[in-house]
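First the structure, in the form of structure tokens, and then the observations on it.
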Amino acid sequence: MKKRFTPLAMSLCLLGLVGLPVFAATSDNTNQAKKIALLERQVSNLQKEMESLKGKRLIIAKKTNKTMAAEDPAGQSASPSSTQSKKSKKHAAQNTTNQSLNDTTSIAAGNSEIEGPTDLPTSGPLYLPMDLDVPGQSFVSSGPYIGVPFEFTGGHLIVNSPSVNEDILLLNLDKNVDLRLAALGRPPGKALGSHILLSGLVEGQALTRNGGGSVNSNDIDLTSVNIDMYVMGPSTWTSAFVELAYDNNIGTDTGSFSSNDRMLDSRVFISKAFVVLGDFTKSPFYASFGQMYVPFGVYSTTMISSPLTKILARTLARPLVLGYKSQTPNSLTATAYIFKGPSHASAVSHVNNGGFNVSYSYRPGRYGVVLGAGVIGNIADSVGMQFTGNNTTNAVLFGGFGGPTEIVPTSPTDPTLVEIDSGNEQLVHRVPAYDFNAKVSLGNNLQLIGEYIFASTDFNPQDLEINGDGAKPQALNLEAVYNLGWFVNPTSISVGYQMSKDALAIGLPAKRYLIAINRSFWKNTLQSLEFRHDVNYADDDTSGGSGRPGPKGNGDGANMITLQFDYFF
């Protein structure tokens, strides 16, 4: 063991060495000898004191090592307490020893230890997007917690999580983090600084389609890329969410670019961005504002294809949302929201849309029921009604109330180009809509999903019509999901039936039959195979909107097979 001298001992030794010539130069030999002897005794006493301190430190270190060996003689816990507890004690003991032996070096280098255990528990809350040993504890981390479009419910059934009510999802995640920190004896994470949790999705599809009165087609495409960013803190009551997405459509479909090459049209845009005010550890009430999907409808599905209910009614807006989410297993959720919709009945647009949504979750044991209902003031503001995506290659069809302006020849014989609006946001009157939804888990293997959305009144024929009359659109989605429990990896098979009515103008089929298999071969991935059969409206059905003609029915059926791969990070 190396010997170390304290500053006092070194000073006295140097003083003695420097002082020897001085004493030698005096004439009083007796006084000189006494002083030299006194200094020698002082140095000897200091050396003995230093050796005593070294021995005490060695004893402390040996006792600490013996204690750890008694607790874990062979790398395992010797007591019935949890392994995690032993790891925490071992870590704390190591910190104590290191701090005792290297206190001066640690403080001088600014490396003082953060108190508390750093090993994470293996049970309890799942989320902790932060490194407890990073000084300052404010940084960026990653994990597929935010934008993961599936959840394991009803016995690990793979169900697409809807993009509505994401503020509640994020507040639950935030609460989970705080509870886990409390279990570790730490203050809430946001009290120590802001944290950014990143996650995302890369999705590809291969498909083939035939029938339906159109040319047979097939494709391989990158269908979705999302980057999600959730910012927690620094206040315990504030957080924010931002999602970047990319558009895989060609410019002639979206009007955003002029090129027909979709690689050149792969624009990145802000899909969602909103602020959440709330803390579920302190209050069940919350508020949010920004760009998000309003809480109308649920749109849960196990299929690759979006349900007809989602195409008809999901609404992207910039609302103000006030909500309540009870923090009990059998919970009540209620939300109210207002926003300025793009469509309007008056001469100019105002804050003229909003709604209310309520749901109740009841989970007695392995079984569970979630029932919900909602209302929105004007369904014309939904994404599906704002942009229909109708094919306008040969003629300007109804493109939605917010449809793009089309540039086409004046007539087959006159090549002069003219601009024609494919939609009009000013309506004769607004059309409210209602939603009813249910999700039932029967044991660990079977789940039933149902949702019905319908307009409360007819559109004016000038705004949206079918067969010359005002349309009253509606859509239904029914699914049954069975979990194949004998597989090691989560695997499910699903069957579904969907229908729509008075929705020919926005491009929906009259009926849809589906079957899908979902499986997760690797962690943070999902592989899906879907077969879909669509039945079009009758061949004598016509439609239109905003004074423009819409698609016509043909009574044909169309088949599509889609293989999809999702990678989450």
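Numbering starts fresh at 1 for the residues of each chain in the structure tokens, the chains themselves are lettered A, B, ... in the order given, and ligands are numbered from 1 as they appear.
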
Which parts of region 286-514 of chain A does DSSP call helix (DSSP H, G or I) when run on the backbone here, written out as an MDAnalysis selection string? chainID A and resid 308:313 379:381 383:386 504:506

Write the selection just made, keeping N, CA and C atoms, as a PDB file, in the first residue's frame?
ATOM      1  N   LEU A 308     -63.281   1.930 -42.891  1.00  0.00           N
ATOM      2  CA  LEU A 308     -64.098   2.938 -43.562  1.00  0.00           C
ATOM      3  C   LEU A 308     -64.557   4.028 -42.601  1.00  0.00           C
ATOM      4  N   THR A 309     -64.727   3.680 -41.335  1.00  0.00           N
ATOM      5  CA  THR A 309     -65.094   4.689 -40.336  1.00  0.00           C
ATOM      6  C   THR A 309     -64.015   5.761 -40.205  1.00  0.00           C
ATOM      7  N   LYS A 310     -62.758   5.331 -40.273  1.00  0.00           N
ATOM      8  CA  LYS A 310     -61.637   6.266 -40.161  1.00  0.00           C
ATOM      9  C   LYS A 310     -61.568   7.192 -41.377  1.00  0.00           C
ATOM     10  N   ILE A 311     -61.744   6.621 -42.581  1.00  0.00           N
ATOM     11  CA  ILE A 311     -61.701   7.429 -43.790  1.00  0.00           C
ATOM     12  C   ILE A 311     -62.837   8.449 -43.790  1.00  0.00           C
ATOM     13  N   LEU A 312     -63.984   8.049 -43.282  1.00  0.00           N
ATOM     14  CA  LEU A 312     -65.146   8.930 -43.291  1.00  0.00           C
ATOM     15  C   LEU A 312     -65.034  10.070 -42.294  1.00  0.00           C
ATOM     16  N   ALA A 313     -64.522   9.812 -41.075  1.00  0.00           N
ATOM     17  CA  ALA A 313     -64.758  10.766 -39.988  1.00  0.00           C
ATOM     18  C   ALA A 313     -63.542  11.263 -39.236  1.00  0.00           C
ATOM     19  N   ILE A 379     -69.205  17.059 -39.740  1.00  0.00           N
ATOM     20  CA  ILE A 379     -68.375  15.982 -40.260  1.00  0.00           C
ATOM     21  C   ILE A 379     -67.666  16.372 -41.553  1.00  0.00           C
ATOM     22  N   ALA A 380     -68.078  17.479 -42.183  1.00  0.00           N
ATOM     23  CA  ALA A 380     -67.441  17.914 -43.427  1.00  0.00           C
ATOM     24  C   ALA A 380     -65.987  18.320 -43.227  1.00  0.00           C
ATOM     25  N   ASP A 381     -65.548  18.505 -41.983  1.00  0.00           N
ATOM     26  CA  ASP A 381     -64.160  18.878 -41.717  1.00  0.00           C
ATOM     27  C   ASP A 381     -63.238  17.670 -41.598  1.00  0.00           C
ATOM     28  N   VAL A 383     -60.799  14.514 -42.584  1.00  0.00           N
ATOM     29  CA  VAL A 383     -59.769  14.415 -43.608  1.00  0.00           C
ATOM     30  C   VAL A 383     -60.325  13.773 -44.874  1.00  0.00           C
ATOM     31  N   GLY A 384     -61.150  12.724 -44.719  1.00  0.00           N
ATOM     32  CA  GLY A 384     -61.707  12.031 -45.872  1.00  0.00           C
ATOM     33  C   GLY A 384     -62.655  12.874 -46.694  1.00  0.00           C
ATOM     34  N   MET A 385     -63.337  13.803 -46.057  1.00  0.00           N
ATOM     35  CA  MET A 385     -64.246  14.668 -46.801  1.00  0.00           C
ATOM     36  C   MET A 385     -63.560  15.920 -47.328  1.00  0.00           C
ATOM     37  N   GLN A 386     -62.439  16.290 -46.740  1.00  0.00           N
ATOM     38  CA  GLN A 386     -61.688  17.426 -47.247  1.00  0.00           C
ATOM     39  C   GLN A 386     -60.896  17.065 -48.504  1.00  0.00           C
ATOM     40  N   LEU A 504     -70.420   7.268 -51.663  1.00  0.00           N
ATOM     41  CA  LEU A 504     -69.801   7.037 -52.966  1.00  0.00           C
ATOM     42  C   LEU A 504     -68.973   8.245 -53.407  1.00  0.00           C
ATOM     43  N   ALA A 505     -69.426   9.458 -53.101  1.00  0.00           N
ATOM     44  CA  ALA A 505     -68.731  10.662 -53.555  1.00  0.00           C
ATOM     45  C   ALA A 505     -67.349  10.806 -52.948  1.00  0.00           C
ATOM     46  N   ILE A 506     -67.119  10.234 -51.771  1.00  0.00           N
ATOM     47  CA  ILE A 506     -65.796  10.352 -51.153  1.00  0.00           C
ATOM     48  C   ILE A 506     -64.953   9.100 -51.382  1.00  0.00           C
TER      49      ILE A 506
END

Neighbouring residues of Gly507 (chain A) were defined as those with any atom within 8 Å, considering only C-alpha atoms; residues of the same chain fewer than 3 positions away were excluded. Please report them as a PyMOL selection string. chain A and resi 388-390+503-504+551

Residues of region 328-498 of chain A classed as strand (DSSP E or B) by DSSP on the backbone are to be reported as JSON, numbers by chain. {"A": [331, 332, 333, 334, 335, 336, 337, 338, 339, 344, 353, 354, 355, 356, 357, 358, 359, 360, 361, 362, 368, 369, 370, 371, 372, 373, 374, 375, 376, 405, 406, 407, 408, 409, 410, 411, 414, 415, 416, 417, 418, 419, 420, 421, 426, 433, 434, 435, 436, 437, 438, 439, 440, 441, 442, 446, 447, 448, 449, 450, 451, 452, 453, 454, 455, 464, 465, 466, 469, 470, 474, 475, 476, 477, 478, 479, 480, 481, 482, 483, 491, 492, 493, 494, 495, 496, 497, 498]}

When you look at Phe459 (chain A) with a cut-off of 7 Å (counting only C-alpha atoms), what residues show up, excluding the ones that are within fewer than 2 positions of it in the same chain? I need them as a list in words.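 Here the answer would be Val431, Thr457, Pro461, Asp463, Leu464, Gly470, Ala471 and Lys472 of chain A.
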
Give me the residues near Asn172 (chain A) as an MDAnalysis selection string, where near means some atom within 9 Å (using only C-alpha atoms) and where sequence neighbours in that chain fewer than 5 positions away do not count. chainID A and resid 167 177 279:280

Any idea what's packed within 7 Å of region 434-439 of chain A, counting only C-alpha atoms, ignoring anything in its chain fewer than 5 positions away? Could you give it as a list in words?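 Non-adjacent residues within range: Gly297, Val369, Val370, Leu371, Gly372, Ala373, Gly374, Val375, Ile376, Leu448, Ile449, Gly450, Glu451, Tyr452, Ile453, Phe454, Ala455 and Ser456 of chain A.
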
So which residues touch region 400-406 of chain A within 6 Å, counting only C-alpha atoms, skipping near sequence neighbours fewer than 5 positions away, as a VMD selection string? chain A and resid 385 to 388 419 to 425

Quick one: contact table of region 226-314 of chain A to region 354-363 of chain A, 9 Å max, nearest atom pair and distance in Å to one decimal per residue, counting only C-alpha atoms, chain and number order, as CSV?
residue,atom,partner,partner_atom,distance
A:Val294,CA,A:Gly354,CA,8.6
A:Pro295,CA,A:Asn357,CA,6.6
A:Phe296,CA,A:Asn357,CA,6.4
A:Gly297,CA,A:Asn357,CA,8.2

Closest atom pairs, residues of region 171-221 of chain A within 12 Å of region 514-534 of chain A, only C-alpha atoms, as a tab-separated table:
residue	atom	partner	partner_atom	distance
A:Ser199	CA	A:Asn524	CA	11.0
A:Gly200	CA	A:Asn524	CA	10.6
A:Leu201	CA	A:Thr525	CA	9.5
A:Val202	CA	A:Thr525	CA	9.7
A:Glu203	CA	A:Leu526	CA	9.5
A:Gly204	CA	A:Gln527	CA	10.1
A:Gln205	CA	A:Ser528	CA	9.5
A:Ala206	CA	A:Leu529	CA	9.8
A:Leu207	CA	A:Glu530	CA	9.5
A:Thr208	CA	A:Phe531	CA	10.1
A:Arg209	CA	A:Arg532	CA	9.4
A:Asn210	CA	A:His533	CA	10.0
A:Gly211	CA	A:Asp534	CA	9.3
A:Gly212	CA	A:Asp534	CA	7.8
A:Gly213	CA	A:Asp534	CA	11.5

Could you write those residues out with C-alpha atoms, as a short mmCIF file (atom, residue, chain, number, x, y, z; two decimals), in the first residue's frame?
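Just written: selection11.cif:
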data_model
loop_
_atom_site.label_atom_id
_atom_site.label_comp_id
_atom_site.auth_asym_id
_atom_site.auth_seq_id
_atom_site.Cartn_x
_atom_site.Cartn_y
_atom_site.Cartn_z
CA SER A 199 -39.48 7.10 -31.36
CA GLY A 200 -40.57 6.34 -34.88
CA LEU A 201 -41.78 3.98 -37.57
CA VAL A 202 -40.59 2.79 -40.97
CA GLU A 203 -43.21 0.84 -42.93
CA GLY A 204 -43.14 -0.88 -46.30
CA GLN A 205 -45.82 -2.67 -48.33
CA ALA A 206 -46.05 -5.01 -51.27
CA LEU A 207 -49.51 -5.42 -52.84
CA THR A 208 -51.43 -6.65 -55.84
CA ARG A 209 -54.92 -5.51 -56.87
CA ASN A 210 -57.40 -6.66 -59.52
CA GLY A 211 -61.04 -6.01 -60.42
CA GLY A 212 -63.29 -3.15 -59.41
CA GLY A 213 -63.61 -1.76 -62.91
#

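Rounded to one decimal, CA of Leu322 (chain A) and CA of Phe285 (chain A) lie 7.7 Å from each other.
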
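Among the candidate residues A:Arg548, A:Leu198, A:Val242, A:Val231, the one lying nearest to Leu397 (chain A) is A:Arg548, with distances computed using only C-alpha atoms.
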
For a quick check of understanding, using only C-alpha atoms, which of A:Tyr246, A:Tyr513, A:Tyr324, A:Tyr299 has the smallest distance to Ala336 (chain A)?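 Among the listed residues, the smallest separation from Ala336 (chain A) belongs to A:Tyr324.
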
Check the smallest atom-to-atom distance from each of A:Trp237, A:Tyr367, A:Phe398, A:Tyr482 to Leu446 (chain A) using only C-alpha atoms, then report the winner.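 Result for the nearest residue to Leu446 (chain A): A:Tyr482.
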